[in-house]
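Raw contents of final_6.cif, mmCIF, C-alpha atoms:
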```cif
data_model
#
loop_
_atom_site.label_atom_id
_atom_site.label_comp_id
_atom_site.auth_asym_id
_atom_site.auth_seq_id
_atom_site.Cartn_x
_atom_site.Cartn_y
_atom_site.Cartn_z
CA MET A 1 78.39 13.75 -123.07
CA SER A 2 75.21 12.19 -121.65
CA MET A 3 77.22 10.82 -118.74
CA ILE A 4 78.59 14.29 -118.01
CA ARG A 5 75.08 15.76 -118.02
CA GLU A 6 73.88 13.09 -115.62
CA LEU A 7 76.96 13.72 -113.47
CA ARG A 8 76.18 17.41 -113.20
CA ALA A 9 72.80 16.57 -111.73
CA ALA A 10 74.06 13.74 -109.54
CA VAL A 11 77.30 14.97 -107.95
CA ARG A 12 75.89 17.28 -105.31
CA PRO A 13 72.83 15.18 -104.29
CA ALA A 14 74.98 12.05 -104.14
CA LEU A 15 77.46 13.78 -101.86
CA ARG A 16 74.74 14.94 -99.50
CA LYS A 17 73.47 11.38 -99.29
CA GLY A 18 76.98 10.02 -98.64
CA HIS A 19 77.08 7.99 -101.87
CA THR A 20 80.44 6.25 -102.40
CA GLY A 21 79.80 3.81 -105.24
CA TYR A 22 81.23 4.03 -108.73
CA GLY A 23 78.17 3.19 -110.76
CA PRO A 24 77.81 0.67 -113.57
CA GLY A 25 80.62 0.23 -116.02
CA ALA A 26 83.24 1.85 -113.81
CA ALA A 27 85.07 -1.35 -112.92
CA ASP A 28 86.28 -4.45 -114.69
CA GLN A 29 85.30 -8.00 -113.72
CA SER A 30 87.69 -7.99 -110.77
CA GLY A 31 86.09 -4.81 -109.41
CA ALA A 32 89.17 -2.61 -110.06
CA LEU A 33 89.07 0.61 -112.01
CA THR A 34 90.90 -0.05 -115.26
CA SER A 35 92.17 3.52 -115.61
CA VAL A 36 93.71 3.73 -112.12
CA VAL A 37 97.51 3.63 -112.39
CA ASP A 38 98.17 3.96 -108.66
CA CYS A 39 96.18 4.76 -105.54
CA ALA A 40 97.72 5.18 -102.10
CA VAL A 41 97.31 6.94 -98.75
CA TYR A 42 100.16 9.02 -97.31
CA ARG A 43 100.50 10.03 -93.68
CA ASP A 44 103.39 12.12 -92.35
CA GLY A 45 105.01 11.85 -95.76
CA ARG A 46 105.04 8.06 -95.84
CA ARG A 47 102.99 5.62 -97.86
CA VAL A 48 100.88 3.73 -95.34
CA LYS A 49 98.31 2.06 -97.57
CA ASP A 50 98.33 0.99 -101.19
CA HIS A 51 96.42 -1.39 -103.47
CA LEU A 52 93.25 0.47 -102.48
CA THR A 53 90.27 1.59 -104.47
CA PRO A 54 89.68 5.36 -104.42
CA THR A 55 86.71 4.82 -102.08
CA GLU A 56 88.82 2.81 -99.64
CA ALA A 57 91.61 5.39 -99.82
CA MET A 58 89.26 8.23 -98.96
CA GLU A 59 87.73 6.25 -96.10
CA ARG A 60 91.24 5.70 -94.67
CA VAL A 61 92.00 9.40 -94.97
CA ARG A 62 88.78 10.42 -93.23
CA SER A 63 89.33 7.98 -90.38
CA ASP A 64 93.12 8.14 -89.89
CA GLY A 65 94.21 11.42 -91.52
CA GLY A 66 96.81 12.01 -94.22
CA PHE A 67 95.94 12.39 -97.88
CA ALA A 68 95.18 10.20 -100.86
CA TRP A 69 96.96 10.36 -104.20
CA ILE A 70 95.07 8.74 -107.06
CA GLY A 71 96.67 8.51 -110.49
CA LEU A 72 94.54 7.86 -113.57
CA HIS A 73 95.39 7.45 -117.24
CA GLU A 74 92.79 8.43 -119.84
CA PRO A 75 89.70 7.48 -117.81
CA SER A 76 86.36 7.11 -119.52
CA GLU A 77 83.27 9.03 -118.43
CA GLN A 78 81.92 5.97 -116.64
CA GLU A 79 85.20 5.26 -114.85
CA PHE A 80 85.56 8.84 -113.67
CA ALA A 81 81.94 9.36 -112.65
CA GLY A 82 82.25 7.48 -109.36
CA ILE A 83 85.49 9.23 -108.41
CA ALA A 84 83.88 12.59 -109.16
CA GLN A 85 80.98 11.74 -106.88
CA GLU A 86 83.25 10.45 -104.12
CA PHE A 87 85.49 13.53 -104.06
CA GLY A 88 82.91 16.16 -104.97
CA LEU A 89 84.60 17.26 -108.20
CA HIS A 90 82.87 19.95 -110.20
CA PRO A 91 81.16 18.62 -113.37
CA LEU A 92 82.80 21.23 -115.61
CA ALA A 93 86.26 20.23 -114.41
CA VAL A 94 85.34 16.55 -114.78
CA GLU A 95 84.27 17.15 -118.36
CA ASP A 96 87.60 18.83 -119.12
CA ALA A 97 89.54 16.00 -117.47
CA VAL A 98 87.74 13.27 -119.39
CA HIS A 99 87.79 14.83 -122.84
CA ALA A 100 91.22 16.50 -122.57
CA HIS A 101 92.61 18.86 -125.27
CA GLN A 102 92.44 21.73 -122.79
CA ARG A 103 94.40 24.94 -122.55
CA PRO A 104 96.79 25.12 -119.56
CA LYS A 105 94.89 26.80 -116.73
CA LEU A 106 94.17 27.04 -113.02
CA GLU A 107 90.60 27.11 -111.77
CA ARG A 108 89.07 26.93 -108.33
CA TYR A 109 85.85 25.04 -107.69
CA ASP A 110 84.72 25.32 -104.06
CA ASP A 111 87.47 23.56 -102.07
CA THR A 112 89.25 22.04 -105.08
CA LEU A 113 91.93 23.45 -107.37
CA PHE A 114 91.80 22.21 -110.95
CA THR A 115 95.08 22.60 -112.82
CA VAL A 116 95.84 21.68 -116.43
CA PHE A 117 99.41 21.17 -117.63
CA LYS A 118 100.48 20.36 -121.17
CA THR A 119 103.43 17.99 -121.27
CA ILE A 120 105.94 18.24 -124.11
CA HIS A 121 108.12 15.40 -125.42
CA TYR A 122 110.89 15.88 -127.98
CA VAL A 123 110.71 13.38 -130.84
CA ASP A 124 114.16 12.20 -131.86
CA HIS A 125 114.80 12.22 -135.62
CA ALA A 126 117.87 11.41 -137.65
CA GLU A 127 117.14 14.21 -140.09
CA LEU A 128 114.73 17.13 -140.00
CA THR A 129 112.39 17.02 -143.01
CA ALA A 130 109.31 18.92 -144.13
CA THR A 131 107.13 16.29 -142.40
CA SER A 132 109.18 15.61 -139.27
CA GLU A 133 107.35 15.59 -135.96
CA VAL A 134 109.50 17.53 -133.52
CA VAL A 135 107.35 17.65 -130.37
CA GLU A 136 104.55 15.52 -128.97
CA THR A 137 102.09 16.92 -126.46
CA GLY A 138 100.15 15.30 -123.67
CA GLU A 139 98.20 16.55 -120.69
CA VAL A 140 98.30 16.19 -116.93
CA MET A 141 95.31 17.44 -114.98
CA CYS A 142 95.33 17.76 -111.21
CA PHE A 143 92.42 17.98 -108.79
CA THR A 144 93.93 19.25 -105.54
CA GLY A 145 91.86 19.17 -102.36
CA ARG A 146 92.56 19.48 -98.66
CA ASN A 147 93.24 15.77 -98.22
CA PHE A 148 93.54 14.37 -101.73
CA ILE A 149 95.12 14.91 -105.13
CA ILE A 150 93.85 13.23 -108.27
CA THR A 151 96.06 13.26 -111.36
CA VAL A 152 94.59 12.50 -114.77
CA ARG A 153 97.08 11.90 -117.56
CA HIS A 154 96.38 11.89 -121.29
CA GLY A 155 98.91 10.83 -123.92
CA GLY A 156 101.62 8.20 -124.10
CA GLN A 157 104.29 10.24 -122.33
CA GLY A 158 104.57 12.32 -119.17
CA SER A 159 104.34 9.40 -116.75
CA LEU A 160 104.25 10.33 -113.05
CA ARG A 161 105.43 6.97 -111.72
CA ALA A 162 109.06 8.04 -111.30
CA LEU A 163 107.92 11.30 -109.73
CA ARG A 164 105.84 9.43 -107.17
CA HIS A 165 108.85 7.31 -106.23
CA ARG A 166 111.06 10.38 -105.85
CA LEU A 167 108.53 12.04 -103.57
CA GLU A 168 108.18 8.89 -101.50
CA ASP A 169 111.95 9.06 -100.94
CA ASP A 170 111.50 12.56 -99.47
CA PRO A 171 108.96 12.16 -96.64
CA GLU A 172 109.67 15.62 -95.26
CA LEU A 173 108.50 17.24 -98.48
CA LEU A 174 105.60 14.84 -99.02
CA ALA A 175 104.38 15.58 -95.49
CA LYS A 176 103.38 19.05 -96.75
CA GLY A 177 100.36 17.41 -98.34
CA PRO A 178 98.73 17.51 -101.78
CA SER A 179 100.20 20.91 -102.63
CA ALA A 180 103.68 19.35 -102.47
CA VAL A 181 102.61 16.84 -105.13
CA LEU A 182 101.13 19.65 -107.24
CA HIS A 183 104.41 21.54 -107.05
CA ALA A 184 106.43 18.45 -107.97
CA ILE A 185 104.23 17.87 -111.04
CA ALA A 186 104.56 21.51 -112.12
CA ASP A 187 108.31 21.35 -111.61
CA GLN A 188 108.63 18.16 -113.66
CA VAL A 189 106.52 19.58 -116.49
CA VAL A 190 108.56 22.80 -116.65
CA ASP A 191 111.85 20.87 -116.46
CA GLY A 192 110.59 18.93 -119.46
CA TYR A 193 110.02 22.22 -121.26
CA ILE A 194 113.63 23.23 -120.60
CA ALA A 195 114.99 19.96 -122.02
CA VAL A 196 112.78 20.22 -125.12
CA ALA A 197 113.76 23.87 -125.64
CA ASP A 198 117.44 22.88 -125.70
CA ALA A 199 116.75 20.15 -128.28
CA VAL A 200 114.66 22.46 -130.45
CA GLN A 201 117.46 25.05 -130.26
CA ASP A 202 119.79 22.49 -131.86
CA ASP A 203 117.30 21.93 -134.71
CA ILE A 204 116.97 25.67 -135.29
CA ASP A 205 120.75 26.09 -135.28
CA GLU A 206 121.06 23.33 -137.87
CA VAL A 207 118.46 24.93 -140.13
CA GLU A 208 120.03 28.36 -139.69
CA ILE A 209 123.47 27.07 -140.66
CA ASP A 210 122.04 25.32 -143.71
CA VAL A 211 120.18 28.41 -144.87
CA PHE A 212 123.15 30.75 -144.60
CA SER A 213 125.73 28.33 -146.01
CA SER A 214 126.30 27.51 -149.66
CA ALA A 215 126.43 24.09 -151.20
CA PRO A 216 129.35 23.09 -153.43
CA GLY A 217 129.14 24.84 -156.75
CA GLY A 218 127.65 28.05 -155.35
CA GLY A 219 124.06 26.84 -155.05
CA THR A 220 121.94 27.05 -151.94
CA ALA A 221 122.15 24.12 -149.54
CA ARG A 222 119.41 21.50 -149.39
CA GLY A 223 118.78 22.49 -145.77
CA GLY A 224 117.45 25.83 -146.99
CA ASP A 225 114.19 24.15 -147.98
CA ALA A 226 111.34 26.39 -146.85
CA GLY A 227 109.23 23.32 -146.06
CA ARG A 228 111.61 22.27 -143.28
CA ILE A 229 111.60 25.75 -141.79
CA TYR A 230 107.83 26.00 -141.91
CA GLN A 231 107.39 22.58 -140.32
CA LEU A 232 109.78 23.53 -137.51
CA LYS A 233 107.85 26.77 -137.03
CA ARG A 234 104.59 24.81 -136.69
CA GLU A 235 106.15 22.60 -134.01
CA VAL A 236 107.47 25.65 -132.15
CA LEU A 237 103.97 27.16 -132.19
CA GLU A 238 102.67 23.92 -130.66
CA PHE A 239 105.35 24.28 -127.99
CA LYS A 240 104.36 27.90 -127.43
CA ARG A 241 100.70 26.94 -126.93
CA ALA A 242 101.78 24.71 -124.06
CA VAL A 243 104.10 27.20 -122.37
CA SER A 244 102.57 30.66 -122.67
CA PRO A 245 99.11 29.98 -121.16
CA LEU A 246 100.76 28.40 -118.09
CA LEU A 247 102.46 31.67 -117.08
CA ARG A 248 99.39 33.11 -115.35
CA PRO A 249 98.52 29.95 -113.35
CA MET A 250 102.12 29.67 -112.10
CA GLN A 251 102.08 33.34 -111.16
CA LEU A 252 98.90 32.83 -109.14
CA LEU A 253 100.27 29.75 -107.39
CA SER A 254 103.48 31.56 -106.51
CA GLU A 255 102.05 34.91 -105.42
CA ARG A 256 98.43 34.62 -104.30
CA PRO A 257 97.81 32.99 -100.88
CA MET A 258 95.59 29.92 -101.22
CA ARG A 259 94.13 27.75 -98.50
CA LEU A 260 94.91 24.60 -100.44
CA VAL A 261 98.59 25.49 -100.96
CA ASP A 262 101.00 25.23 -98.05
CA PRO A 263 102.84 28.56 -97.56
CA ASP A 264 106.18 26.75 -97.51
CA ILE A 265 105.36 25.06 -100.82
CA GLN A 266 104.24 28.34 -102.36
CA LYS A 267 107.82 29.59 -102.17
CA TYR A 268 108.90 26.73 -104.41
CA PHE A 269 106.29 27.69 -107.00
CA ARG A 270 108.20 30.96 -107.48
CA ASP A 271 111.19 29.00 -108.75
CA VAL A 272 108.96 27.05 -111.16
CA ALA A 273 107.38 30.31 -112.38
CA ASP A 274 110.83 31.80 -112.97
CA HIS A 275 111.97 28.78 -115.02
CA LEU A 276 108.72 28.86 -116.97
CA ALA A 277 109.17 32.57 -117.78
CA ARG A 278 112.66 31.89 -119.11
CA VAL A 279 111.40 29.02 -121.28
CA ASN A 280 108.59 31.23 -122.58
CA GLU A 281 111.09 33.92 -123.58
CA GLN A 282 113.16 31.27 -125.32
CA VAL A 283 110.17 29.87 -127.23
CA VAL A 284 109.08 33.38 -128.30
CA SER A 285 112.62 34.03 -129.55
CA PHE A 286 112.45 30.71 -131.47
CA ASP A 287 109.33 31.92 -133.23
CA ASP A 288 110.89 35.27 -134.13
CA LEU A 289 114.14 33.65 -135.26
CA LEU A 290 112.31 31.17 -137.50
CA ASN A 291 110.39 34.05 -139.06
CA SER A 292 113.70 35.71 -139.88
CA ILE A 293 115.20 32.46 -141.20
CA LEU A 294 112.15 31.83 -143.38
CA GLN A 295 112.30 35.36 -144.81
CA ALA A 296 116.03 35.02 -145.42
CA ASN A 297 115.45 31.72 -147.20
CA LEU A 298 112.79 33.28 -149.43
CA ALA A 299 115.07 36.25 -150.12
CA GLN A 300 117.87 33.87 -151.10
CA ALA A 301 115.49 32.06 -153.43
CA THR A 302 114.56 35.39 -155.03
CA VAL A 303 118.23 36.34 -155.43
CA ALA A 304 118.97 32.94 -156.98
CA GLN A 305 116.11 33.41 -159.44
CA ASN A 306 117.41 36.88 -160.36
CA GLU A 307 120.87 35.44 -160.97
CA ASP A 308 119.41 32.75 -163.18
CA MET A 309 117.43 35.35 -165.12
CA ARG A 310 120.57 37.46 -165.63
CA LYS A 311 122.46 34.45 -166.98
CA ILE A 312 119.63 33.57 -169.32
CA THR A 313 119.41 37.18 -170.50
CA ALA A 314 123.18 37.35 -171.08
CA TRP A 315 123.25 34.19 -173.15
CA ALA A 316 120.19 35.34 -175.09
CA ALA A 317 122.02 38.57 -175.93
CA ILE A 318 125.06 36.62 -177.13
CA ILE A 319 122.96 34.27 -179.26
CA ALA A 320 121.08 37.23 -180.74
CA VAL A 321 124.23 38.41 -182.59
CA PRO A 322 124.71 35.36 -184.88
CA THR A 323 120.95 35.04 -185.20
CA MET A 324 120.66 38.58 -186.51
CA ILE A 325 123.62 38.36 -188.89
CA CYS A 326 122.63 34.94 -190.23
CA GLY A 327 119.09 36.24 -190.61
CA VAL A 328 120.29 39.08 -192.82
CA TYR A 329 122.29 36.73 -195.06
CA GLY A 330 119.39 34.34 -195.24
CA MET A 331 117.33 36.84 -197.25
CA ASN A 332 117.18 36.27 -201.02
CA PHE A 333 118.67 39.53 -202.29
CA ASP A 334 121.18 39.75 -205.14
CA HIS A 335 123.15 42.66 -203.75
CA MET A 336 124.32 41.49 -200.31
CA PRO A 337 127.48 42.85 -198.63
CA GLU A 338 130.54 40.90 -199.79
CA LEU A 339 128.25 38.22 -201.22
CA HIS A 340 130.52 37.38 -204.16
CA TRP A 341 133.82 38.07 -202.45
CA LYS A 342 136.11 35.07 -201.91
CA TYR A 343 136.73 35.88 -198.24
CA GLY A 344 133.24 37.11 -197.43
CA TYR A 345 132.11 33.97 -195.56
CA PRO A 346 135.14 33.70 -193.25
CA LEU A 347 134.93 37.43 -192.64
CA VAL A 348 131.32 37.25 -191.49
CA MET A 349 131.99 34.19 -189.29
CA GLY A 350 135.00 35.91 -187.72
CA ALA A 351 132.92 39.03 -187.08
CA ILE A 352 130.24 36.90 -185.36
CA VAL A 353 132.83 35.21 -183.12
CA ALA A 354 134.51 38.51 -182.26
CA ILE A 355 131.26 40.26 -181.37
CA CYS A 356 130.01 37.30 -179.27
CA PHE A 357 133.36 37.09 -177.47
CA SER A 358 133.28 40.80 -176.67
CA ILE A 359 129.72 40.60 -175.32
CA HIS A 360 130.54 37.48 -173.26
CA ARG A 361 133.61 39.19 -171.78
CA GLY A 362 131.54 42.25 -170.84
CA PHE A 363 128.89 40.14 -169.09
CA LYS A 364 131.59 38.15 -167.30
CA ARG A 365 133.28 41.30 -166.09
CA ASN A 366 129.97 42.63 -164.71
CA GLY A 367 129.16 39.38 -162.92
CA TRP A 368 126.27 38.30 -165.10
CA LEU A 369 127.99 35.10 -166.16
#
```
Output the structure of this file as structure tokens.
Amino acid sequence: MSMIRELRAAVRPALRKGHTGYGPGAADQSGALTSVVDCAVYRDGRRVKDHLTPTEAMERVRSDGGFAWIGLHEPSEQEFAGIAQEFGLHPLAVEDAVHAHQRPKLERYDDTLFTVFKTIHYVDHAELTATSEVVETGEVMCFTGRNFIITVRHGGQGSLRALRHRLEDDPELLAKGPSAVLHAIADQVVDGYIAVADAVQDDIDEVEIDVFSSAPGGGTARGGDAGRIYQLKREVLEFKRAVSPLLRPMQLLSERPMRLVDPDIQKYFRDVADHLARVNEQVVSFDDLLNSILQANLAQATVAQNEDMRKITAWAAIIAVPTMICGVYGMNFDHMPELHWKYGYPLVMGAIVAICFSIHRGFKRNGWL
């Protein structure tokens, strides 16, 4: 945090003085930033310079035109400080980019747009359990300026390397500038949401089938475990926290004119916003459906307990008959019914069996046994 505080005081004065260094600790022994994944200059949609430092890339852009695209992965405060000074990034946005764990958002700082996306990755699992991890989240943060875009990625997934190659194969689109890259990133993130939503739908369907089906013997299926449902609900809520907050930023990018967004590219943001809205509706429905499944599971558990209690009560009533009769004959009285009669014992035993059989048949007919 001390580096961020120093950066807040240093960014603007350093820019006015034309400072372009990266400061101590920003580079390794070879002089290259260790967090830089790729850094290149694009002119007319084509990559004209690569293997550059961010300072060299910006110098090329200022002298020859085009724009610079710098990709970083989990930079430290020291590594990012020089880039922030070079490109005039706002200290608050820099702090968010370095420390991550941000809510999806769109903010404007002077001539820079700061956008936060949460990436979602579906975790494959052979069987859904009460401790299964269903989704993993990461973050992609974009600083979009007039002639540069800086992407900062956090997490082990959500790589932009393939996206960069696809854009380089489409010079006409890439010629639109940094806003074209911003759109491509947003589109890739939302497409990832769609794929994850489909996979999560399969998990929910599996749990739903297990809850409403019966195991052999009439018992509830193992899949009806409330722990599995609750764990899946937690993962869906994590998914929802990535999708829902992004609705407003996508709406702004698709509807509000912005100097840093090419009007032609803005039309494409509308398609991304539409896909995002559909995913959001799907995730909200997941949450509601899991609530219903969880309540149904708990209701089934209550019904099963009631059935068990009825069975126990029925058998207790049956056992009470011989207990009562034997209890009467266990008392030490001289004048007991049929006590000295030759057929008294078999008569009492037959009466016990007949009464118990009648009670058992009545409970069976009423569905208690």
Which is closer to Phe239 of chain A than all the others in A:Leu182, A:Val134, A:Val116, A:Val321, using only C-alpha atoms?
->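 Looking only at the distances to Phe239 of chain A, the closest residue turns out to be A:Val134.
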Two-atom distance - atom CA of Lys49 of chain A, atom CA of Gly156 of chain A (Å) =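 Separating atom CA of Lys49 of chain A from atom CA of Gly156 of chain A is a distance of 27.4 Å.
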Output check: residues returned by the PyMOL selection byres ((chain A and resi 55) around 10), as a list of chain:residue names =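 The output of the PyMOL selection byres ((chain A and resi 55) around 10) on this file is A:Thr20, A:Gly21, A:Tyr22, A:Leu52, A:Thr53, A:Pro54, A:Glu56, A:Ala57, A:Met58, A:Glu59, A:Arg60, A:Val61, A:Gly82, A:Ile83, A:Glu86, A:Phe87.
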Export of the given selection (C-alpha atoms) as a short mmCIF file (atom, residue, chain, number, x, y, z; two decimals), in the coordinates of the input:
```cif
data_model
loop_
_atom_site.label_atom_id
_atom_site.label_comp_id
_atom_site.auth_asym_id
_atom_site.auth_seq_id
_atom_site.Cartn_x
_atom_site.Cartn_y
_atom_site.Cartn_z
CA THR A 20 80.44 6.25 -102.40
CA GLY A 21 79.80 3.81 -105.24
CA TYR A 22 81.23 4.03 -108.73
CA LEU A 52 93.25 0.47 -102.48
CA THR A 53 90.27 1.59 -104.47
CA PRO A 54 89.68 5.36 -104.42
CA GLU A 56 88.82 2.81 -99.64
CA ALA A 57 91.61 5.39 -99.82
CA MET A 58 89.26 8.23 -98.96
CA GLU A 59 87.73 6.25 -96.10
CA ARG A 60 91.24 5.70 -94.67
CA VAL A 61 92.00 9.40 -94.97
CA GLY A 82 82.25 7.48 -109.36
CA ILE A 83 85.49 9.23 -108.41
CA GLU A 86 83.25 10.45 -104.12
CA PHE A 87 85.49 13.53 -104.06
#
```
Across A:Val135, A:Ala126, A:Leu113, A:Leu163, the smallest distance to Arg259 of chain A, with only C-alpha atoms counted, is shown by A:Leu113
Given the choices A:Ala81, A:Ile359, A:Leu72, A:Leu92, which gets closest to Met141 of chain A if the distance is worked out from only C-alpha atoms?
->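 Checking each of A:Ala81, A:Ile359, A:Leu72, A:Leu92 against Met141 of chain A, counting only C-alpha atoms, the winner is A:Leu72.
With distances taken from (89.6, 30.2, -114.5) and restricted to all atoms listed in the file, the residues inside 12 Å are Leu92, Ala93, Arg103, Pro104, Lys105, Leu106, Glu107, Arg108, Tyr109, Leu113, Phe114, Thr115, Val116, Pro245, Leu246, Arg248, Pro249 and Leu252 of chain A.
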Report as a JSON list (two decimals) with C-alpha atoms, in the coordinates of the input the residues that result from applying the PyMOL selection byres ((chain A and resi 283) around 8) to the structure here.
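part38.json, written as the output of this step:
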```
[["chain", "number", "residue", "atom", "x", "y", "z"],
["A", 197, "ALA", "CA", 113.76, 23.87, -125.64],
["A", 236, "VAL", "CA", 107.47, 25.65, -132.15],
["A", 239, "PHE", "CA", 105.35, 24.28, -127.99],
["A", 240, "LYS", "CA", 104.36, 27.90, -127.43],
["A", 279, "VAL", "CA", 111.40, 29.02, -121.28],
["A", 280, "ASN", "CA", 108.59, 31.23, -122.58],
["A", 281, "GLU", "CA", 111.09, 33.92, -123.58],
["A", 282, "GLN", "CA", 113.16, 31.27, -125.32],
["A", 284, "VAL", "CA", 109.08, 33.38, -128.30],
["A", 285, "SER", "CA", 112.62, 34.03, -129.55],
["A", 286, "PHE", "CA", 112.45, 30.71, -131.47],
["A", 287, "ASP", "CA", 109.33, 31.92, -133.23]]
```
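In terms of minimum interatomic distance to Gly158 of chain A, A:His73 ranks closest within A:Arg256, A:His73, A:Arg365, A:Arg278, counting all atoms listed in the file.
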Between atom CA of Arg146 of chain A and atom CA of Ile70 of chain A, what is the distance, to one decimal in Å?
->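 Taking atom CA of Arg146 of chain A as the start and atom CA of Ile70 of chain A as the end point, the length is 13.9 Å.
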For each of A:Leu260, A:Ala273, A:Leu290, A:Arg46, take the minimum atom-to-atom distance to Gln201 of chain A, counting only C-alpha atoms, then give the residue where this is smallest.
->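 Of A:Leu260, A:Ala273, A:Leu290, A:Arg46, the one nearest Gln201 of chain A is A:Leu290, counting only C-alpha atoms.
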Counting all atoms listed in the file, which of A:Asn306, A:Thr119, A:Ser179, A:Thr129 gets nearest to Glu206 of chain A?
-> A:Thr129
What is the atom CA of Ala320 of chain A to atom CA of Gly350 of chain A distance in Å?
->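 Atom CA of Gly350 of chain A lies at a distance of 15.6 Å from atom CA of Ala320 of chain A.
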Could you state which residues are captured by the PyMOL selection byres ((chain A and resi 36) around 7) in this file, as a PyMOL selection string?
-> chain A and resi 33-35+37-38+71-73
Selection: 12 Å around His165 of chain A, only C-alpha atoms, excl. self and same-chain fewer than 3 positions, as a tab-separated table (two decimals) with C-alpha atoms, in the coordinates of the input:
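Result went into around.tsv, see below:
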```tsv
chain	number	residue	atom	x	y	z
A	38	ASP	CA	98.17	3.96	-108.66
A	46	ARG	CA	105.04	8.06	-95.84
A	47	ARG	CA	102.99	5.62	-97.86
A	159	SER	CA	104.34	9.40	-116.75
A	160	LEU	CA	104.25	10.33	-113.05
A	161	ARG	CA	105.43	6.97	-111.72
A	162	ALA	CA	109.06	8.04	-111.30
A	168	GLU	CA	108.18	8.89	-101.50
A	169	ASP	CA	111.95	9.06	-100.94
A	170	ASP	CA	111.50	12.56	-99.47
A	171	PRO	CA	108.96	12.16	-96.64
A	174	LEU	CA	105.60	14.84	-99.02
A	181	VAL	CA	102.61	16.84	-105.13
A	184	ALA	CA	106.43	18.45	-107.97
```
Point (106.6, 24.2, -141.5) neighbourhood (12 Å, all atoms listed in the file) written as a ChimeraX atom specification = /A:128-134,207,225-238,287,290-291,293-294
